[in-house]
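Undergrad: I have a structure I would like to understand better, so I am pasting it below and will then ask my questions one at a time.
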Amino acid sequence: MCKHYFIPKELATLYSSGFPSPFLLPLFIIFPLALFVSTTCRFERVWDPVIVPGFCKQISYYFLNAFENWLDFDTNPLYALLHESIYCQGDSSRWSAQRIRTENGSKFDAIRAVKEGRPVFFTGEMVFPWMFEEVHALRKFKDAAHLLAEKKDWPPLYDIAVLNNNKVPVAAAVYYEDMYANFKLAMETASQIAGIRLWITNEYMHSGLRDGGGQVLDHLLGMLNGRKPLF
């Protein structure tokens, strides 16, 4: 499922207004999901205030610093390296996100979309091969990343027969408006786990544990020990 949002026109013109590097523009299409995935807004000002009339508008270094910190590949390189591989079974990923984006290129062109007044489709947390060339912290992993993208002999992710006969008490939260996990697919997956108790909610999104971990865990544990209703 691909969620879409409208973004201010000035955000889509960052590159033409002096965005520091061409490769950062596609990275910026990843960045806005940090604003929408959380129930708490973390957006910082983009432009420095124009104090002198007629002076050119400039991107705030305060914003650029915050933007850089949101891209945490420096401290979490394995996230990028294994991002697609962890979903593979019996076949290679062959840079799945890159292939889909190439096939549907115009849909992910933020500047064109804003000019045409249509929704912008963000790429979210997807990882692309060019990142292993442009992002300094990932360059040394480039060869390994390409090897993983071509690896085919991945074992099955789950033993469906075992899940169908599960005896362990289990409860799970399904976020109805989760922009990363398709609701229908999540429900189909849950249906394979015998005895699972589901909390279907729109109180939280993908970042439920980050934004309200205590409340989420309390609700799920309550479903297991009888303190919370099962519906």
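Here, A, B, ... name the chains of the structure tokens in the order displayed, residue numbers run from 1 inside each chain, and ligands are numbered from 1 in the same displayed order.
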Skip His146 of chain A itself and residues of its chain fewer than 4 positions away, then list as a PDB file with C-alpha atoms, in the first residue's frame all residues within 12 Å of it, counting only C-alpha atoms.
TA:
```
ATOM      1  CA  ALA A  80      20.285  -0.309   4.941  1.00  0.00           C
ATOM      2  CA  LEU A  81      22.299  -3.423   4.180  1.00  0.00           C
ATOM      3  CA  LEU A  82      19.607  -5.938   5.179  1.00  0.00           C
ATOM      4  CA  GLU A  84      15.173  -5.914   1.628  1.00  0.00           C
ATOM      5  CA  SER A  85      16.968  -9.178   2.332  1.00  0.00           C
ATOM      6  CA  SER A  92      16.542 -12.495  -4.594  1.00  0.00           C
ATOM      7  CA  SER A  93      15.319  -8.956  -3.984  1.00  0.00           C
ATOM      8  CA  ARG A  94      17.202  -7.585  -7.019  1.00  0.00           C
ATOM      9  CA  TRP A  95      16.809  -4.114  -5.518  1.00  0.00           C
ATOM     10  CA  PHE A 128      18.207   2.166  -3.036  1.00  0.00           C
ATOM     11  CA  PRO A 129      21.532   1.065  -4.567  1.00  0.00           C
ATOM     12  CA  TRP A 130      22.692   4.647  -5.172  1.00  0.00           C
ATOM     13  CA  MET A 131      22.726   5.198  -1.406  1.00  0.00           C
ATOM     14  CA  PHE A 132      25.755   2.918  -1.172  1.00  0.00           C
ATOM     15  CA  GLU A 133      27.616   5.323  -3.431  1.00  0.00           C
ATOM     16  CA  ARG A 139      30.159   3.092   0.747  1.00  0.00           C
ATOM     17  CA  LYS A 140      32.240   0.320   2.315  1.00  0.00           C
ATOM     18  CA  PHE A 141      29.155  -1.918   2.280  1.00  0.00           C
ATOM     19  CA  LYS A 142      28.451  -1.435  -1.432  1.00  0.00           C
ATOM     20  CA  GLU A 150      21.379 -11.087  -5.892  1.00  0.00           C
ATOM     21  CA  LYS A 151      21.335 -13.889  -3.309  1.00  0.00           C
TER      22      LYS A 151
END
```
Undergrad: Could you give me, as a list in words, the residues within 6 Å of segment 97-113 of chain A, counting only C-alpha atoms and dropping anything in the same chain fewer than 4 positions from it?
TA: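 Once the adjacent positions are removed, what remains is Ala12, Arg118, Val120, Phe121 and Phe128 of chain A.
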Undergrad: Put those residues in a file: N, CA and C atoms, as a PDB file, in the first residue's frame.
TA:
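This is the output file again-v4.pdb:
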```
ATOM      1  N   ALA A  12       9.230  21.127  -2.517  1.00  0.00           N
ATOM      2  CA  ALA A  12       9.541  20.420  -3.754  1.00  0.00           C
ATOM      3  C   ALA A  12      10.482  21.207  -4.648  1.00  0.00           C
ATOM      4  N   ARG A 118      -0.915  17.177  -8.115  1.00  0.00           N
ATOM      5  CA  ARG A 118      -1.354  15.829  -7.742  1.00  0.00           C
ATOM      6  C   ARG A 118      -0.550  15.331  -6.542  1.00  0.00           C
ATOM      7  N   VAL A 120       1.965  13.526  -3.974  1.00  0.00           N
ATOM      8  CA  VAL A 120       3.351  13.073  -4.044  1.00  0.00           C
ATOM      9  C   VAL A 120       3.441  11.720  -3.354  1.00  0.00           C
ATOM     10  N   PHE A 121       3.997  10.745  -4.039  1.00  0.00           N
ATOM     11  CA  PHE A 121       4.195   9.432  -3.445  1.00  0.00           C
ATOM     12  C   PHE A 121       5.612   9.362  -2.883  1.00  0.00           C
ATOM     13  N   PHE A 128      17.888   2.251  -1.615  1.00  0.00           N
ATOM     14  CA  PHE A 128      18.207   2.166  -3.036  1.00  0.00           C
ATOM     15  C   PHE A 128      19.707   1.957  -3.237  1.00  0.00           C
TER      16      PHE A 128
END
```
Undergrad: Quick one: distance from atom CA of Gly54 of chain A to atom CA of Val114 of chain A in Å, one decimal?
TA: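 So the two atoms, atom CA of Gly54 of chain A and atom CA of Val114 of chain A, lie 25.7 Å apart.
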Undergrad: Name the residues in contact with Thr189 of chain A at a cut-off of 12 Å, using only C-alpha atoms, excluding same-chain residues fewer than 2 positions from it; report them as a short mmCIF file (atom, residue, chain, number, x, y, z; two decimals) with N, CA and C atoms, in the first residue's frame.
TA:
```cif
data_model
loop_
_atom_site.label_atom_id
_atom_site.label_comp_id
_atom_site.auth_asym_id
_atom_site.auth_seq_id
_atom_site.Cartn_x
_atom_site.Cartn_y
_atom_site.Cartn_z
N TYR A 158 8.83 -18.22 7.54
CA TYR A 158 8.00 -18.76 8.61
C TYR A 158 7.65 -20.22 8.32
N ILE A 160 4.61 -22.14 8.40
CA ILE A 160 3.17 -21.92 8.49
C ILE A 160 2.47 -23.00 9.31
N LEU A 163 2.84 -22.19 12.94
CA LEU A 163 2.00 -21.05 13.30
C LEU A 163 0.53 -21.46 13.37
N ASN A 164 0.10 -22.32 12.46
CA ASN A 164 -1.29 -22.78 12.46
C ASN A 164 -1.63 -23.58 13.72
N ALA A 172 -1.29 -8.97 19.49
CA ALA A 172 -0.59 -8.08 18.57
C ALA A 172 -1.44 -6.85 18.27
N VAL A 174 -2.51 -4.07 15.53
CA VAL A 174 -2.58 -3.81 14.10
C VAL A 174 -3.04 -2.36 13.94
N ALA A 181 2.80 -0.85 6.84
CA ALA A 181 2.29 -2.22 6.85
C ALA A 181 0.85 -2.22 6.33
N ASN A 182 0.64 -2.83 5.19
CA ASN A 182 -0.68 -2.91 4.59
C ASN A 182 -1.65 -3.63 5.53
N PHE A 183 -2.78 -2.99 5.82
CA PHE A 183 -3.72 -3.55 6.79
C PHE A 183 -4.23 -4.93 6.36
N LYS A 184 -4.58 -5.06 5.09
CA LYS A 184 -5.11 -6.33 4.60
C LYS A 184 -4.07 -7.44 4.73
N LEU A 185 -2.83 -7.13 4.36
CA LEU A 185 -1.77 -8.14 4.46
C LEU A 185 -1.49 -8.49 5.92
N ALA A 186 -1.54 -7.48 6.80
CA ALA A 186 -1.31 -7.74 8.22
C ALA A 186 -2.37 -8.68 8.77
N MET A 187 -3.62 -8.47 8.36
CA MET A 187 -4.71 -9.33 8.84
C MET A 187 -4.58 -10.74 8.28
N SER A 191 -4.02 -14.12 10.55
CA SER A 191 -4.97 -15.24 10.47
C SER A 191 -4.28 -16.59 10.45
N GLN A 192 -2.97 -16.59 10.18
CA GLN A 192 -2.22 -17.84 10.14
C GLN A 192 -1.74 -18.27 11.53
N ILE A 193 -1.88 -17.39 12.52
CA ILE A 193 -1.36 -17.68 13.86
C ILE A 193 -2.51 -18.09 14.77
N ALA A 194 -2.54 -19.35 15.14
CA ALA A 194 -3.64 -19.87 15.97
C ALA A 194 -3.67 -19.17 17.33
N ILE A 196 -4.23 -16.07 18.16
CA ILE A 196 -3.75 -14.70 18.29
C ILE A 196 -4.89 -13.77 18.68
N LEU A 198 -5.98 -9.84 18.61
CA LEU A 198 -5.62 -8.63 17.88
C LEU A 198 -6.24 -7.39 18.50
#
```
Undergrad: Work out how far apart atom CA of Lys152 of chain A and atom CA of Gly90 of chain A are and give it in Å to one decimal.
TA: 5.9 Å
Undergrad: Can you pull out every residue from segment 138-177 of chain A that DSSP, working from the backbone, puts in strand (DSSP E or B), and format the result as a PyMOL selection string?
TA: chain A and resi 170-175
Undergrad: Go ahead and write the selection's residues with C-alpha atoms as an mmCIF file, in the first residue's frame.
TA:
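Listing of selection00.cif after writing:
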```cif
data_model
loop_
_atom_site.group_PDB
_atom_site.id
_atom_site.type_symbol
_atom_site.label_atom_id
_atom_site.label_comp_id
_atom_site.auth_asym_id
_atom_site.auth_seq_id
_atom_site.Cartn_x
_atom_site.Cartn_y
_atom_site.Cartn_z
ATOM 1 C CA VAL A 170 0.068 -14.043 21.778
ATOM 2 C CA ALA A 171 -1.417 -10.594 21.272
ATOM 3 C CA ALA A 172 -0.588 -8.081 18.566
ATOM 4 C CA ALA A 173 -1.434 -4.509 17.641
ATOM 5 C CA VAL A 174 -2.583 -3.808 14.097
ATOM 6 C CA TYR A 175 -2.474 -0.115 13.246
#
```
